[in-house]
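Peer 1: Structure below; questions to follow.
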Amino acid sequence: MKIAVLGGDGFCGWPTALHLSDQGHEVHIIDNLSRRWIDTELGVQSLTPMDSIQERCRIWKQETGKTLAFHLLDLATEYERLRAWLAEHRPDAVVHFAEQRAAPYSMKSDRHKVYTVNNNVNATHNLLTALVETGIDAHLVHLGTMGVYGYSTIGAAIPEGYLPVGIETLDGSVKSQDILYPTRPGSVYHMTKSLDQILFQFYAQNDGLRITDLHQGIVWGTHTAQTKRHEQLINRFDYDGDYGTVLNRFLIQAAIGYPLTVHGTGGQTRAFIHLQDSVRCIELALSDAPAAGDKVKIFNQMTETHRVRDLAEMIAGMTGAEIAYLPNPRKEAEANDLIVRNDQFLGLGLNPITLAEGLLEEVVEVARKYAHRIDRKRVPAVSAWTKDLASRVETDP
Ligand code: NAD
Ligand code: USQ
């Protein structure tokens with residue numbers, strides 16, 4: 001297939017582009033490199049040294065003989081160019097990663113909230129309307145998030161996107177209907193993913209677009225089989241307080257002797273998936289496209305759930321790191337349970353990688369190797385969800 005990977009310079013997009021290229025697909029990366037600009041804005045850099053996207057593509061060609069094309073394009077602000085690109089290249093599938101994905105960054109200030117909504121909602125809507133306008137019947141696979149569901153405390157399993165509800169009709173009988181699972185986002189970023197869901201529902205129903213929305217959990221790890229093939233194919237790795245995600249942060253903290261930064265009591269339970277499984281799930285989703293006229297296909301892309309405190313204790317046990325229980329800068333439940341259905345990917349043949357010491361140790365090794373690139377002052381999470389919480393944020397555990 002000819003596949004466009006939107007956001008293909010990012011943490012999930014780059015290994016996905018390599019994985020799909022390795023499988024023989026013709027892969028085109030579209031990215032506006034905004035994530036690299038945000039690094040500059042925040043004064044941080046990836047733990048791992050990343051080459052330019054052009055250089056990464058050159059090394060891939062040198063190693064494999066396969067071409068990865070790169071196109072610099074902003075989906076949110078360059079609608080005409082996007083439409084022209086689709087009309088010229090006519091991809092069979094589009095994988096859409098191209099959004100501002102950090103919850104803390106989206107909550108930093110009013111400017112960051114506005115940017116995140118404008119960028120994410122416009123990127124998704126521009127893409128949908130350009131697909132309709134050009135008449136391209138590409139399968140759109142979007143990276144959504146588990147966070148759209150919210151964290152209910154009633155102890156029921158979260159289904160894959162849809163909830164059957166019984167509605168009492170006028171004659172008193174009860175009819176069942178599948179509705180989108182009610183969203184309860186916990187940040188402006190997560191809210192944009194909830195808005196994306198409505199856009200997808202509309203364009204699938206109105207224009208017959210074929211769409212798969214992957215509600216992904218927190219991705220951990222750094223390498224995949226392809227990124228390991230050459231030092232210059234190395235993946236991005238975020239460790240800072242805005243973009244670093246919890247498990248990857250704990251692993252680098254352990255590597256540099258920084259107390260593990262548990263927010264509040266660490267009673268939050270979240271869904272996780274290893275990067276290697278994430279790219280495999282995208283391959284599986286691409287092979288299982290919905291037909292025109294079908295409702296949006298929704299998968300829960302996660303393999304296991306863990307409580308933040310348990311992760312910290314596990315890593316402390318493995319590495320001897322200390323744990324710091326810090327005031328939580330986020331407005332979120334102090335503790336929650338989480339049970340998630342992921343039968344669809346298991347049914348398609350996903351064989352999940354679970355938290356295993358070897359893989360955790362692999363990330364600690366990467367962190368030790370590049371420890372000299374870590375700015376300890378960028379480790380604390382200083383973005384607060386409300387002005388009240390800002391006064392409680394600790395910058396140095
Ligand atoms: P990332 O920030 O590393 O990559 C996103 C890429 O998209 C960047 O290269 C960025 O430059 C590009 N981009 C952003 N806005 C764009 C625009 N308007 N036009 C063109 N390019 C644009 O993020 P990631 O961790 O790779 O996440 C990718 C997707 O997966 C996101 O949509 C995110 O919501 C989702 N996701 C990520 C995780 C995770 O743990 N990393 C978990 C669940 C879901
Ligand atoms: N947390 C800590 N200590 C830290 C960092 C985080 O205790 O140093 C806690 C947070 O308070 C939160 C949990 O860990 O309760 C998860 O935080 P996170 O930053 O790892 O994940 P989140 O903000 O939810 O966002 C990440 C990705 C996002 C993706 C989402 C999937 O950045 O793109 O959508 O994970 S999910 O969480 O399943 O919605």
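Ordering of the structure tokens sets the chain letters (A, B, ...), residue numbers begin anew at 1 in every chain, and ligands are numbered from 1 in the order given.
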Set the distance at 12 Å and use only C-alpha atoms: which residues neighbour Ile38 of chain A once local chain neighbours fewer than 4 positions away are removed? I'd like the list as a PyMOL selection string.
Peer 2: chain A and resi 32-34+42-46+100-102+105-106+112+115-116+238+240+242-243
Peer 1: Among segment 212-383 of chain A, which residues does DSSP mark as alpha helix (DSSP H) when it is run on the backbone? Keep the chain and numbering as in the structure and answer as a ChimeraX atom specification.
Peer 2: /A:246-256,275-286,308-319,343-347,357-369
Peer 1: For those residues, write N, CA and C atoms to a file as a compact mmCIF listing (two decimals), in the first residue's frame.
Peer 2:
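Below is the file part02.txt, written as the result:
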# COMPACT_ATOMS: atom_id res chain seq x y z
N VAL A 246 4.79 8.71 32.20
CA VAL A 246 5.14 8.31 33.56
C VAL A 246 6.17 7.17 33.64
N LEU A 247 5.96 6.10 32.91
CA LEU A 247 6.87 4.96 33.08
C LEU A 247 8.25 5.28 32.50
N ASN A 248 8.29 5.90 31.33
CA ASN A 248 9.58 6.28 30.77
C ASN A 248 10.30 7.28 31.68
N ARG A 249 9.53 8.16 32.31
CA ARG A 249 10.17 9.11 33.25
C ARG A 249 10.77 8.38 34.45
N PHE A 250 10.01 7.45 35.02
CA PHE A 250 10.53 6.72 36.19
C PHE A 250 11.83 6.00 35.82
N LEU A 251 11.87 5.46 34.59
CA LEU A 251 13.06 4.70 34.18
C LEU A 251 14.28 5.60 34.04
N ILE A 252 14.11 6.79 33.47
CA ILE A 252 15.30 7.67 33.37
C ILE A 252 15.66 8.23 34.74
N GLN A 253 14.64 8.50 35.56
CA GLN A 253 14.93 9.01 36.91
C GLN A 253 15.78 7.99 37.68
N ALA A 254 15.38 6.71 37.55
CA ALA A 254 16.15 5.66 38.24
C ALA A 254 17.59 5.64 37.72
N ALA A 255 17.75 5.87 36.41
CA ALA A 255 19.09 5.78 35.82
C ALA A 255 20.00 6.91 36.30
N ILE A 256 19.43 8.07 36.64
CA ILE A 256 20.29 9.21 37.03
C ILE A 256 20.22 9.51 38.53
N LEU A 275 6.06 0.23 22.95
CA LEU A 275 6.16 0.82 21.62
C LEU A 275 6.13 -0.22 20.49
N GLN A 276 6.79 -1.35 20.72
CA GLN A 276 6.82 -2.40 19.69
C GLN A 276 5.40 -2.92 19.40
N ASP A 277 4.60 -3.06 20.47
CA ASP A 277 3.20 -3.49 20.27
C ASP A 277 2.38 -2.40 19.62
N SER A 278 2.71 -1.15 19.94
CA SER A 278 1.96 -0.04 19.35
C SER A 278 2.10 -0.07 17.82
N VAL A 279 3.32 -0.25 17.31
CA VAL A 279 3.49 -0.27 15.85
C VAL A 279 2.83 -1.52 15.25
N ARG A 280 2.87 -2.60 15.97
CA ARG A 280 2.22 -3.83 15.49
C ARG A 280 0.70 -3.64 15.41
N CYS A 281 0.13 -2.96 16.41
CA CYS A 281 -1.32 -2.72 16.40
C CYS A 281 -1.70 -1.89 15.18
N ILE A 282 -0.87 -0.93 14.82
CA ILE A 282 -1.20 -0.10 13.65
C ILE A 282 -1.20 -0.96 12.40
N GLU A 283 -0.23 -1.85 12.31
CA GLU A 283 -0.21 -2.79 11.18
C GLU A 283 -1.51 -3.61 11.16
N LEU A 284 -1.91 -4.11 12.33
CA LEU A 284 -3.13 -4.95 12.39
C LEU A 284 -4.37 -4.13 12.03
N ALA A 285 -4.42 -2.89 12.51
CA ALA A 285 -5.59 -2.04 12.21
C ALA A 285 -5.66 -1.76 10.71
N LEU A 286 -4.50 -1.55 10.09
CA LEU A 286 -4.48 -1.28 8.65
C LEU A 286 -5.00 -2.47 7.84
N VAL A 308 0.18 3.76 39.30
CA VAL A 308 1.43 4.54 39.24
C VAL A 308 2.34 4.17 40.42
N ARG A 309 1.76 4.03 41.60
CA ARG A 309 2.56 3.71 42.79
C ARG A 309 3.25 2.34 42.65
N ASP A 310 2.52 1.39 42.06
CA ASP A 310 3.09 0.04 41.90
C ASP A 310 4.26 0.07 40.92
N LEU A 311 4.11 0.91 39.85
CA LEU A 311 5.23 1.02 38.89
C LEU A 311 6.46 1.58 39.59
N ALA A 312 6.24 2.62 40.41
CA ALA A 312 7.37 3.25 41.10
C ALA A 312 8.03 2.22 42.02
N GLU A 313 7.21 1.45 42.73
CA GLU A 313 7.77 0.46 43.67
C GLU A 313 8.54 -0.63 42.91
N MET A 314 7.99 -1.02 41.77
CA MET A 314 8.68 -2.06 40.98
C MET A 314 10.05 -1.56 40.51
N ILE A 315 10.09 -0.32 40.02
CA ILE A 315 11.35 0.21 39.49
C ILE A 315 12.32 0.49 40.64
N ALA A 316 11.79 0.94 41.77
CA ALA A 316 12.66 1.16 42.94
C ALA A 316 13.29 -0.18 43.36
N GLY A 317 12.47 -1.24 43.34
CA GLY A 317 12.97 -2.57 43.72
C GLY A 317 14.04 -3.06 42.76
N MET A 318 13.88 -2.70 41.50
CA MET A 318 14.80 -3.19 40.47
C MET A 318 16.11 -2.42 40.46
N THR A 319 16.03 -1.11 40.81
CA THR A 319 17.21 -0.25 40.62
C THR A 319 17.72 0.37 41.91
N ASP A 343 -10.23 -7.01 23.31
CA ASP A 343 -10.43 -8.29 22.60
C ASP A 343 -10.14 -8.20 21.11
N GLN A 344 -10.39 -7.00 20.52
CA GLN A 344 -10.28 -6.94 19.05
C GLN A 344 -8.84 -7.16 18.59
N PHE A 345 -7.87 -6.49 19.22
CA PHE A 345 -6.48 -6.70 18.81
C PHE A 345 -6.02 -8.12 19.15
N LEU A 346 -6.46 -8.64 20.30
CA LEU A 346 -6.07 -10.01 20.64
C LEU A 346 -6.63 -10.96 19.58
N GLY A 347 -7.85 -10.67 19.14
CA GLY A 347 -8.49 -11.49 18.10
C GLY A 347 -7.76 -11.42 16.77
N GLU A 357 11.32 -7.36 33.12
CA GLU A 357 12.54 -6.72 33.61
C GLU A 357 13.52 -6.41 32.47
N GLY A 358 13.65 -7.32 31.52
CA GLY A 358 14.60 -7.12 30.43
C GLY A 358 14.33 -5.85 29.65
N LEU A 359 13.05 -5.65 29.35
CA LEU A 359 12.71 -4.46 28.55
C LEU A 359 12.84 -3.19 29.38
N LEU A 360 12.47 -3.29 30.67
CA LEU A 360 12.61 -2.13 31.53
C LEU A 360 14.10 -1.77 31.65
N GLU A 361 14.90 -2.80 31.82
CA GLU A 361 16.35 -2.60 31.96
C GLU A 361 16.93 -1.99 30.68
N GLU A 362 16.36 -2.40 29.54
CA GLU A 362 16.85 -1.85 28.26
C GLU A 362 16.69 -0.32 28.23
N VAL A 363 15.55 0.16 28.74
CA VAL A 363 15.33 1.61 28.75
C VAL A 363 16.28 2.28 29.75
N VAL A 364 16.48 1.65 30.91
CA VAL A 364 17.42 2.21 31.90
C VAL A 364 18.82 2.31 31.27
N GLU A 365 19.18 1.30 30.50
CA GLU A 365 20.50 1.31 29.83
C GLU A 365 20.61 2.46 28.84
N VAL A 366 19.53 2.69 28.07
CA VAL A 366 19.52 3.82 27.12
C VAL A 366 19.70 5.11 27.91
N ALA A 367 18.97 5.22 29.02
CA ALA A 367 19.05 6.44 29.84
C ALA A 367 20.46 6.62 30.40
N ARG A 368 21.08 5.53 30.85
CA ARG A 368 22.45 5.65 31.40
C ARG A 368 23.41 6.10 30.31
N LYS A 369 23.22 5.55 29.12
CA LYS A 369 24.11 5.87 28.01
C LYS A 369 24.07 7.36 27.68
Peer 1: Please list as JSON, numbers by chain every residue within 7 Å of Gly166 of chain A, counting only C-alpha atoms and excluding residues in the same chain fewer than 4 positions away.
Peer 2: {"A": [174, 175, 176, 177]}
Peer 1: Figure out the distance between atom 30 (C, counted along the ligand's line) of ligand 2 and atom CA of Leu350 of chain A, please, to one decimal in Å.
Peer 2: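 The value is 20.4 Å.
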Peer 1: Using only C-alpha atoms and all ligand atoms, which residues of the polymer chains come no farther than 6 Å from ligand 1? I'd like the answer as a JSON list (two decimals) with C-alpha atoms, in the first residue's frame.
Peer 2:
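Listing of out_11.json after writing:
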[["chain", "number", "residue", "atom", "x", "y", "z"],
["A", 7, "GLY", "CA", 3.32, 13.09, 12.39],
["A", 8, "GLY", "CA", 5.94, 10.57, 11.24],
["A", 9, "ASP", "CA", 8.81, 12.45, 12.88],
["A", 10, "GLY", "CA", 7.40, 11.84, 16.38],
["A", 11, "PHE", "CA", 7.89, 9.23, 19.10],
["A", 12, "CYS", "CA", 5.22, 6.82, 17.78],
["A", 13, "GLY", "CA", 5.19, 8.00, 14.15],
["A", 31, "ASP", "CA", 5.17, 16.47, 9.54],
["A", 32, "ASN", "CA", 5.49, 20.19, 10.29],
["A", 33, "LEU", "CA", 8.29, 19.49, 12.81],
["A", 34, "SER", "CA", 6.34, 21.45, 15.45],
["A", 35, "ARG", "CA", 7.46, 18.98, 18.10],
["A", 73, "LEU", "CA", 3.46, 20.36, 5.79],
["A", 74, "ASP", "CA", 1.28, 21.78, 8.56],
["A", 75, "LEU", "CA", -2.06, 19.96, 8.57],
["A", 76, "ALA", "CA", -3.72, 22.56, 10.76],
["A", 97, "PHE", "CA", -0.42, 10.92, 14.64],
["A", 98, "ALA", "CA", -0.05, 14.65, 13.94],
["A", 99, "GLU", "CA", -1.37, 16.34, 17.07],
["A", 100, "GLN", "CA", -0.01, 18.12, 20.15],
["A", 101, "ARG", "CA", -0.06, 15.16, 22.50],
["A", 119, "ASN", "CA", -3.74, 22.54, 16.11],
["A", 123, "ALA", "CA", -5.48, 19.11, 11.73],
["A", 143, "LEU", "CA", -4.25, 7.67, 17.16],
["A", 144, "GLY", "CA", -6.68, 8.56, 19.89],
["A", 145, "THR", "CA", -6.31, 8.00, 23.60],
["A", 216, "GLN", "CA", -4.17, 4.10, 22.90],
["A", 217, "GLY", "CA", -2.80, 3.85, 26.44],
["A", 218, "ILE", "CA", 0.53, 5.29, 27.63],
["A", 219, "VAL", "CA", 3.34, 4.12, 25.37]]
Peer 1: Rounded to one decimal in Å, what is the spacing between atom CA of Thr305 of chain A and atom CA of Ser383 of chain A?
Peer 2: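 About the pair atom CA of Thr305 of chain A and atom CA of Ser383 of chain A: they are 24.8 Å apart.
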Peer 1: Within 7 Å of segment 23-25 of chain A, counting only C-alpha atoms, which residues qualify if same-chain residues fewer than 2 places away don't, as number ranges by chain?
Peer 2: A: 1-3, 19-21, 27
Peer 1: May I have the selected residues written with C-alpha atoms, as a tab-separated table (two decimals), in the first residue's frame?
Peer 2:
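result_15.tsv, written as the output of this step:
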chain	number	residue	atom	x	y	z
A	1	MET	CA	0.00	0.00	0.00
A	2	LYS	CA	0.91	3.63	-0.33
A	3	ILE	CA	0.66	4.94	3.23
A	19	HIS	CA	7.89	-0.71	10.51
A	20	LEU	CA	5.53	-0.14	7.57
A	21	SER	CA	8.40	0.59	5.19
A	27	VAL	CA	5.64	5.26	3.10
Peer 1: As JSON, numbers by chain, list the residues of segment 179-237 of chain A assigned to strand (DSSP E or B) by DSSP on the backbone atoms of this structure.
Peer 2: {"A": [179, 180, 210, 211, 212, 213, 214, 215, 216, 218, 219, 220]}
Peer 1: Would you please work out which residue, of A:Tyr203, A:Tyr151, A:Tyr189, A:Phe272, is nearest to Gly221 of chain A when using only C-alpha atoms?
Peer 2: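 The closest residue to Gly221 of chain A is A:Phe272.
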Peer 1: Name the residues in contact with Glu231 of chain A at a cut-off of 10 Å, using only C-alpha atoms, excluding same-chain residues fewer than 2 positions from it; report them as an MDAnalysis selection string.
Peer 2: chainID A and resid 48:51 56 59 227:229 233:235
Peer 1: Identify, on the basis of only C-alpha atoms, every residue whose closest approach to segment 337-342 of chain A does not exceed 8 Å; exclude the query and any residue fewer than 6 positions from it along the same chain; express the result as a list in words.
Peer 2: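 Residues near the query, excluding close chain neighbours: Tyr151, Ser152, Thr153, Gly155, Ala156, Ala157, Ile158, Pro159, Glu160, Gln268, Thr269, Arg270, Ala271, Phe299, Asn300, Gln301, Met302, Thr303 and Thr305 of chain A.
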Peer 1: Let me make sure I understand: among A:Tyr258, A:Phe237, A:Tyr79, A:Tyr370, which one has the smallest atom-to-atom distance to Ile323 of chain A if we use only C-alpha atoms?
Peer 2: A:Tyr258
Peer 1: Compare A:Ala321, A:Ala384, A:Leu355, A:Ile154 by their minimum atom-to-atom distance to ligand 2, counting only C-alpha atoms and all ligand atoms, and give me the closest one.
Peer 2: A:Ala384
Peer 1: Between A:Leu199, A:Ile136, A:Ile53, A:Ile167, which one has atoms that come closest to Asn120 of chain A, using only C-alpha atoms?
Peer 2: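 Of the candidates, the smallest distance to Asn120 of chain A is held by A:Leu199.
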Peer 1: Would you work out the distance separating atom CA of Gly264 of chain A from atom CA of Ala356 of chain A, expressed in Å to one decimal?
Peer 2: 25.7 Å
Peer 1: Nearest to ligand 2: which of A:Pro182, A:Gly172, A:Gly147, A:Gly135 is it, counting only C-alpha atoms and all ligand atoms?
Peer 2: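 So, comparing all the options, the nearest one is A:Gly147.
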